[in-house]
Structure formats: structure tokens, C-alpha cells
>>> print(open('query-v9.cif').read())   # mmCIF, C-alpha atoms
data_data
loop_
_atom_site.group_PDB
_atom_site.id
_atom_site.type_symbol
_atom_site.label_atom_id
_atom_site.label_comp_id
_atom_site.auth_asym_id
_atom_site.auth_seq_id
_atom_site.Cartn_x
_atom_site.Cartn_y
_atom_site.Cartn_z
ATOM 1 C CA ALA K 54 127.133 -102.215 94.032
ATOM 2 C CA ALA K 55 128.386 -98.672 94.571
ATOM 3 C CA ALA K 56 131.850 -99.649 93.339
ATOM 4 C CA ARG K 57 130.320 -101.414 90.315
ATOM 5 C CA GLY K 58 128.262 -98.313 89.554
ATOM 6 C CA ARG K 59 131.308 -96.113 89.756
ATOM 7 C CA GLY K 60 133.180 -98.514 87.487
ATOM 8 C CA ILE K 61 130.424 -98.444 84.869
ATOM 9 C CA GLN K 62 130.237 -94.694 85.073
ATOM 10 C CA GLY K 63 133.955 -94.388 84.769
ATOM 11 C CA GLY K 64 134.001 -96.706 81.756
ATOM 12 C CA MET K 65 131.390 -94.604 79.949
ATOM 13 C CA GLY K 66 133.385 -91.396 80.419
ATOM 14 C CA LYS K 67 134.510 -89.362 77.419
ATOM 15 C CA GLY K 68 138.104 -89.046 78.529
ATOM 16 C CA LYS K 69 140.306 -86.069 79.201
ATOM 17 C CA ASN K 70 141.024 -85.211 75.561
ATOM 18 C CA HIS K 71 137.341 -85.126 74.561
ATOM 19 C CA SER K 72 136.067 -81.781 73.231
ATOM 20 C CA SER K 73 132.363 -80.978 73.054
ATOM 21 C CA LYS K 74 130.788 -80.243 69.670
ATOM 22 C CA ARG K 75 128.367 -77.761 71.175
ATOM 23 C CA THR K 76 128.924 -74.123 70.282
ATOM 24 C CA THR K 77 127.905 -70.927 71.952
ATOM 25 C CA LEU K 78 124.768 -69.114 70.880
ATOM 26 C CA HIS K 79 126.906 -66.213 69.710
ATOM 27 C CA GLN K 80 128.772 -68.486 67.307
ATOM 28 C CA LYS K 81 125.537 -70.172 66.199
ATOM 29 C CA TYR K 82 123.802 -66.860 65.378
ATOM 30 C CA LYS K 83 126.942 -65.631 63.651
ATOM 31 C CA ILE K 84 126.919 -68.656 61.328
ATOM 32 C CA GLN K 85 123.198 -68.235 60.614
ATOM 33 C CA LYS K 86 123.758 -64.581 59.763
ATOM 34 C CA LYS K 87 126.551 -65.452 57.337
ATOM 35 C CA VAL K 88 124.352 -68.062 55.655
ATOM 36 C CA ARG K 89 121.536 -65.545 55.233
ATOM 37 C CA GLU K 90 123.911 -62.974 53.779
ATOM 38 C CA HIS K 91 125.289 -65.579 51.371
ATOM 39 C CA HIS K 92 121.802 -66.548 50.198
ATOM 40 C CA ARG K 93 120.853 -62.875 49.832
ATOM 41 C CA LYS K 94 123.965 -62.302 47.715
ATOM 42 C CA LEU K 95 123.109 -65.264 45.491
ATOM 43 C CA ARG K 96 119.545 -64.011 44.995
ATOM 44 C CA LYS K 97 120.826 -60.562 44.075
ATOM 45 C CA GLN K 98 123.227 -62.043 41.533
ATOM 46 C CA GLU K 99 120.386 -64.091 40.039
ATOM 47 C CA LYS K 100 118.221 -60.975 39.682
ATOM 48 C CA VAL K 101 121.019 -59.056 37.971
ATOM 49 C CA LYS K 102 121.719 -61.936 35.607
ATOM 50 C CA ALA K 103 118.039 -62.412 34.802
ATOM 51 C CA LYS K 104 117.666 -58.680 34.094
ATOM 52 C CA LYS K 105 120.619 -58.784 31.687
ATOM 53 C CA LEU K 106 119.232 -61.823 29.874
ATOM 54 C CA GLY K 107 115.696 -60.443 29.846
ATOM 55 C CA VAL K 108 114.163 -63.473 31.546
ATOM 56 C CA LYS K 109 112.498 -64.201 34.855
ATOM 57 C CA VAL K 110 114.371 -65.512 37.860
ATOM 58 C CA LYS K 111 112.262 -68.695 37.835
ATOM 59 C CA GLU K 112 113.297 -69.370 34.259
ATOM 60 C CA LEU K 113 116.915 -68.794 35.219
ATOM 61 C CA ARG K 114 116.639 -71.250 38.099
ATOM 62 C CA ALA K 115 115.050 -73.901 35.902
ATOM 63 C CA LYS K 116 117.153 -76.905 35.084
ATOM 64 C CA LYS K 117 119.097 -76.639 31.879
ATOM 65 C CA ASP K 118 117.826 -78.667 28.967
ATOM 66 C CA PRO K 119 120.320 -81.487 28.265
ATOM 67 C CA GLY K 120 119.620 -81.138 24.561
ATOM 68 C CA ILE K 121 119.283 -83.764 21.861
ATOM 69 C CA PRO K 122 121.619 -86.777 21.972
ATOM 70 C CA ASN K 123 124.199 -87.001 19.199
ATOM 71 C CA ASN K 124 123.025 -90.466 18.200
ATOM 72 C CA TRP K 125 119.508 -89.203 17.469
ATOM 73 C CA PRO K 126 118.777 -90.164 13.825
ATOM 74 C CA PHE K 127 117.006 -86.898 12.879
ATOM 75 C CA LYS K 128 118.927 -84.490 15.063
ATOM 76 C CA GLU K 129 119.765 -81.930 12.355
ATOM 77 C CA GLN K 130 116.209 -81.874 11.064
ATOM 78 C CA LEU K 131 114.810 -81.475 14.555
ATOM 79 C CA LEU K 132 117.259 -78.670 15.358
ATOM 80 C CA ARG K 133 116.277 -76.907 12.141
ATOM 81 C CA GLU K 134 112.596 -77.150 13.064
ATOM 82 C CA VAL K 135 113.317 -75.794 16.528
ATOM 83 C CA GLU K 136 115.188 -72.823 15.065
ATOM 84 C CA GLU K 137 112.354 -72.117 12.627
ATOM 85 C CA TYR K 138 109.846 -72.256 15.469
ATOM 86 C CA LYS K 139 111.930 -69.838 17.536
ATOM 87 C CA GLU K 140 112.228 -67.417 14.608
ATOM 88 C CA GLU K 141 108.497 -67.592 13.944
ATOM 89 C CA THR K 142 107.715 -66.975 17.620
ATOM 90 C CA ALA K 143 110.098 -64.016 17.718
ATOM 91 C CA GLN K 144 108.475 -62.524 14.607
ATOM 92 C CA GLN K 145 105.017 -62.926 16.138
ATOM 93 C CA LYS K 146 106.158 -61.214 19.327
ATOM 94 C CA ALA K 147 107.711 -58.367 17.344
ATOM 95 C CA GLN K 148 104.542 -57.956 15.280
ATOM 96 C CA LEU K 149 102.396 -57.960 18.420
ATOM 97 C CA ALA K 150 104.669 -55.356 20.028
ATOM 98 C CA LYS K 151 104.347 -53.140 16.922
ATOM 99 C CA GLU K 152 100.560 -53.422 16.991
ATOM 100 C CA ARG K 153 100.453 -52.525 20.669
ATOM 101 C CA LYS K 154 102.744 -49.550 20.074
ATOM 102 C CA ARG K 155 100.563 -48.412 17.174
ATOM 103 C CA ALA K 156 97.464 -48.682 19.363
ATOM 104 C CA ARG K 157 99.142 -46.702 22.169
ATOM 105 C CA ASP K 158 100.186 -43.973 19.736
ATOM 106 C CA LYS K 159 96.657 -43.784 18.371
ATOM 107 C CA ARG K 160 95.148 -43.449 21.852
ATOM 108 C CA ARG K 161 97.731 -40.808 22.743
ATOM 109 C CA LYS K 162 96.905 -38.784 19.631
ATOM 110 C CA GLN K 163 93.189 -38.995 20.377
ATOM 111 C CA ALA K 164 93.770 -37.829 23.947
ATOM 112 C CA LEU K 165 95.898 -34.892 22.757
ATOM 113 C CA ALA K 166 93.312 -33.952 20.152
ATOM 114 C CA ALA K 167 90.555 -34.049 22.763
ATOM 115 C CA ALA K 168 92.624 -31.956 25.180
ATOM 116 C CA ASN K 169 93.394 -29.333 22.530
ATOM 117 C CA GLY K 170 89.783 -29.166 21.387
ATOM 118 C CA ALA K 171 90.662 -30.374 17.883
ATOM 119 C CA GLY K 172 88.181 -33.174 18.060
ATOM 120 C CA GLU K 173 85.457 -34.533 20.262
ATOM 121 C CA PRO K 174 86.582 -37.096 22.825
ATOM 122 C CA SER K 175 85.595 -40.589 21.990
ATOM 123 C CA PRO K 176 82.729 -41.868 24.163
ATOM 124 C CA LYS K 177 83.627 -44.308 26.894
ATOM 125 C CA PRO K 178 82.742 -47.805 25.721
ATOM 126 C CA GLU K 179 80.276 -49.776 27.788
ATOM 127 C CA PRO K 180 81.589 -52.840 29.566
ATOM 128 C CA LYS K 181 81.669 -55.717 27.148
ATOM 129 C CA VAL K 182 79.888 -58.791 28.409
ATOM 130 C CA VAL K 183 81.498 -61.995 27.222
ATOM 131 C CA HIS K 184 78.864 -64.715 27.084
ATOM 132 C CA ASP K 185 81.149 -67.485 28.165
ATOM 133 C CA PRO K 186 79.895 -69.746 30.979
ATOM 134 C CA ARG K 187 83.467 -70.123 32.209
ATOM 135 C CA ASN K 188 83.970 -66.352 32.446
ATOM 136 C CA PRO K 189 83.231 -64.949 35.956
ATOM 137 C CA ARG K 190 82.128 -61.658 34.382
ATOM 138 C CA THR K 191 79.209 -63.470 32.768
ATOM 139 C CA PHE K 192 77.940 -64.692 36.147
ATOM 140 C CA PHE K 193 78.377 -61.194 37.604
ATOM 141 C CA TYR K 194 76.368 -59.429 34.897
ATOM 142 C CA ASN K 195 73.715 -62.141 34.847
ATOM 143 C CA GLY K 196 73.224 -61.817 38.603
ATOM 144 C CA LEU K 197 73.360 -58.021 38.473
ATOM 145 C CA ASN K 198 70.772 -57.808 35.689
ATOM 146 C CA ALA K 199 68.507 -60.224 37.565
ATOM 147 C CA VAL K 200 68.698 -58.039 40.687
ATOM 148 C CA ILE K 201 68.038 -54.867 38.679
ATOM 149 C CA ASP K 202 64.989 -56.420 37.036
ATOM 150 C CA THR K 203 63.452 -57.528 40.339
ATOM 151 C CA CYS K 204 64.256 -54.504 42.555
ATOM 152 C CA ASP K 205 63.216 -50.865 42.648
ATOM 153 C CA ILE K 206 65.335 -49.715 45.605
ATOM 154 C CA PHE K 207 69.092 -50.374 45.763
ATOM 155 C CA LEU K 208 71.331 -50.019 48.827
ATOM 156 C CA GLU K 209 74.979 -49.165 48.170
ATOM 157 C CA VAL K 210 77.106 -49.818 51.259
ATOM 158 C CA VAL K 211 80.125 -47.549 51.710
ATOM 159 C CA ASP K 212 82.684 -47.471 54.507
ATOM 160 C CA ALA K 213 82.749 -44.317 56.617
ATOM 161 C CA ARG K 214 86.547 -44.467 56.724
ATOM 162 C CA ASP K 215 86.751 -44.062 52.923
ATOM 163 C CA PRO K 216 83.325 -43.366 51.390
ATOM 164 C CA LEU K 217 84.569 -42.165 48.007
ATOM 165 C CA GLY K 218 86.877 -45.133 47.634
ATOM 166 C CA CYS K 219 84.033 -47.574 48.350
ATOM 167 C CA ARG K 220 81.449 -45.843 46.195
ATOM 168 C CA VAL K 221 81.135 -47.218 42.647
ATOM 169 C CA GLN K 222 79.608 -44.503 40.487
ATOM 170 C CA GLU K 223 79.934 -46.633 37.335
ATOM 171 C CA LEU K 224 77.620 -49.174 38.932
ATOM 172 C CA GLU K 225 75.128 -46.441 39.796
ATOM 173 C CA THR K 226 75.161 -45.230 36.181
ATOM 174 C CA TYR K 227 74.682 -48.779 34.931
ATOM 175 C CA ILE K 228 71.704 -49.327 37.247
ATOM 176 C CA ARG K 229 70.087 -46.043 36.188
ATOM 177 C CA SER K 230 70.553 -46.927 32.515
ATOM 178 C CA LYS K 231 68.799 -50.269 33.061
ATOM 179 C CA LYS K 232 66.033 -48.897 35.309
ATOM 180 C CA PRO K 233 65.664 -45.100 35.174
ATOM 181 C CA GLY K 234 62.928 -44.905 37.830
ATOM 182 C CA CYS K 235 64.843 -46.743 40.554
ATOM 183 C CA THR K 236 66.037 -45.343 43.890
ATOM 184 C CA ILE K 237 69.625 -45.707 45.085
ATOM 185 C CA ILE K 238 70.386 -45.170 48.788
ATOM 186 C CA LEU K 239 73.894 -44.885 50.215
ATOM 187 C CA VAL K 240 74.432 -46.728 53.510
ATOM 188 C CA LEU K 241 77.352 -45.217 55.438
ATOM 189 C CA THR K 242 78.590 -47.998 57.742
ATOM 190 C CA LYS K 243 81.106 -48.173 60.611
ATOM 191 C CA ILE K 244 80.443 -44.619 61.725
ATOM 192 C CA ASP K 245 81.610 -45.505 65.256
ATOM 193 C CA LEU K 246 85.166 -45.925 63.920
ATOM 194 C CA VAL K 247 85.526 -42.283 62.815
ATOM 195 C CA PRO K 248 84.869 -38.952 64.578
ATOM 196 C CA GLN K 249 81.272 -37.784 64.659
ATOM 197 C CA GLU K 250 82.233 -34.501 62.990
ATOM 198 C CA ALA K 251 83.579 -36.425 59.994
ATOM 199 C CA VAL K 252 80.410 -38.545 59.869
ATOM 200 C CA ALA K 253 78.200 -35.464 59.824
ATOM 201 C CA ALA K 254 80.309 -33.867 57.091
ATOM 202 C CA TRP K 255 80.202 -37.007 54.946
ATOM 203 C CA VAL K 256 76.452 -37.428 55.357
ATOM 204 C CA LYS K 257 75.925 -33.792 54.359
ATOM 205 C CA HIS K 258 78.184 -34.188 51.317
ATOM 206 C CA LEU K 259 76.695 -37.489 50.129
ATOM 207 C CA ASN K 260 73.131 -36.292 50.602
ATOM 208 C CA ARG K 261 73.746 -33.795 47.825
ATOM 209 C CA HIS K 262 74.012 -36.681 45.365
ATOM 210 C CA LEU K 263 72.005 -39.559 46.838
ATOM 211 C CA PRO K 264 69.940 -40.232 49.967
ATOM 212 C CA THR K 265 72.364 -41.321 52.692
ATOM 213 C CA VAL K 266 71.781 -43.330 55.879
ATOM 214 C CA ALA K 267 74.455 -43.709 58.591
ATOM 215 C CA VAL K 268 74.658 -46.906 60.659
ATOM 216 C CA ARG K 269 77.028 -48.347 63.239
ATOM 217 C CA CYS K 270 79.120 -51.450 62.614
ATOM 218 C CA ALA K 271 77.655 -53.293 65.634
#
>>> encode(input="query-v9.cif", output="C-alpha cells")
Amino acid sequence: AAARGRGIQGGMGKGKNHSSKRTTLHQKYKIQKKVREHHRKLRKQEKVKAKKLGVKVKELRAKKDPGIPNNWPFKEQLLREVEEYKEETAQQKAQLAKERKRARDKRRKQALAAANGAGEPSPKPEPKVVHDPRNPRTFFYNGLNAVIDTCDIFLEVVDARDPLGCRVQELETYIRSKKPGCTIILVLTKIDLVPQEAVAAWVKHLNRHLPTVAVRCA
């Protein structure tokens, strides 16, 4: 049995001239690094080409349109319509760009006139509410107006790490315009995450504008 086992094992051997296909980790990582560099180079070339053509990289990677077959009966007519559509689209884009540029120039002139005192600055327009049930802004203003109508005291939560960045003064103005006699209280949260000296300074500063209450995060 032992001899038979040795014979089977010897018959399954690879032979003297057999070379393993396994590589060292150094060689493996070297190949992976070269592949990454090659892919990075290709991406860079795509970005440069897309920038020259004025298109996005995704559009550049898209499969090329095979076009219209030569045996199509109305090929010339269809090509003519496509060219007309492209020209019309380009004209619309150019017209839209001109209108936007004209609007930017107008706003710039108004800002310069206001800065120089030549004219009164135009009042800031109120947020326009689009009454579209699919528009999230409609749900926001509907809910906000419902809360304003039913409440007299409003709590505005601000983070002690960045109180001015969390405070929304436009919202405070909007609430006061809807309900002049209401009370707005600032709630300074997470005071245990900042030094106590900073908390005291912020509470003193915010109390000058609105009543402020400091609370811990837990």
C-alpha cells in the first residue's frame, strides 16, 4: 500500500521542468501600481480632451452613434432636419446666454449705483412661493405658516460650536412679519463640547438680540 501510494504520488508530480505561476508580492503590487497609473493617465487624457471639446467626460465616454444607414430611404431629408434642429438649439442657447449676460450687467450696474449713492438699492424680494404640490418649497411654507399661526413662542436651536452659522435671521424676520407679537428664544445646544468661557461669551452676545438658553447635548 505504501509503495502504491508513493507510485500515485510520483505519477501526479509536476516534473522537474515545471515552473510555478505564482509571483512574489513585490511583483504583484508593482503590476497593480502600473495598472493604476495607466488608468489615471487615461482619465487625465479624457479630461483634457473633454475640456477642449467643451463637453463632459460622461458624454465623451458615451458610445458613438453609428449614424443613419446608407440604404435609409429618407436619409438626406432626415440629416437636413437634424442639422436644422442643431442650428435652432444653438441659436436658443446663444440667445439665452445673451439674456443672462444682459441680466448680470443690469444687476452689476444697480449694485454700483447703490454703492456710489447714485440711486437707492433695490429692496430684497421676498421668497417666492410656488404653489405646486410637487415642489418641496410649497410643503415647507405651508408647514411653516401653519406653525406660525398656531404658536406664540418659537424655539430656534443653534449649535454652540457655530451659533452664527446655525442661526437663520431670515427665518426670524419672516416669523416676525407674520406674527409681530411672537417671542423667539434661542436654544444654545451642545455646550459641553466647547469651553465654558466660550459658552458664557456666546450667551452674553446672543442675549443682546434674543433671549438665549444654554443646554447640554445629553
>>> residues_around(input="query-v9.cif", residues="Leu197 in chain K", least_positions_apart="6", cutoff="12 Å", atoms="all atoms listed in the file", output="ChimeraX atom specification")
/K:190-191,203-204,207,224-225,227-228,231
>>> write_last_selection(input="query-v9.cif", atoms="C-alpha atoms", output="tab-separated table (two decimals), keeping the file's coordinate frame")
chain	number	residue	atom	x	y	z
K	190	ARG	CA	82.13	-61.66	34.38
K	191	THR	CA	79.21	-63.47	32.77
K	203	THR	CA	63.45	-57.53	40.34
K	204	CYS	CA	64.26	-54.50	42.56
K	207	PHE	CA	69.09	-50.37	45.76
K	224	LEU	CA	77.62	-49.17	38.93
K	225	GLU	CA	75.13	-46.44	39.80
K	227	TYR	CA	74.68	-48.78	34.93
K	228	ILE	CA	71.70	-49.33	37.25
K	231	LYS	CA	68.80	-50.27	33.06
>>> residues_around(input="query-v9.cif", residues="Ile238 in chain K", least_positions_apart="3", cutoff="9 Å", atoms="all atoms listed in the file", output="PyMOL selection string")
chain K and resi 206-210+263-266
>>> resolve_selection(input="query-v9.cif", expression="the PyMOL selection byres ((chain K and resi 220) around 12)", output="PyMOL selection string")
chain K and resi 208-219+221-226+237-241+259+262-263
>>> atom_distance(input="query-v9.cif", atom1="CA of Arg153 in chain K", atom2="CA of Lys139 in chain K")
21.0 Å
>>> atom_distance(input="query-v9.cif", atom1="CA of Val108 in chain K", atom2="CA of Val88 in chain K")
26.6 Å
>>> residues_around(input="query-v9.cif", residues="Arg114 in chain K", least_positions_apart="3", cutoff="10 Å", atoms="only C-alpha atoms", output="list in words")
Glu99, Ala103, Lys109, Val110, Lys111 and Lys117 of chain K
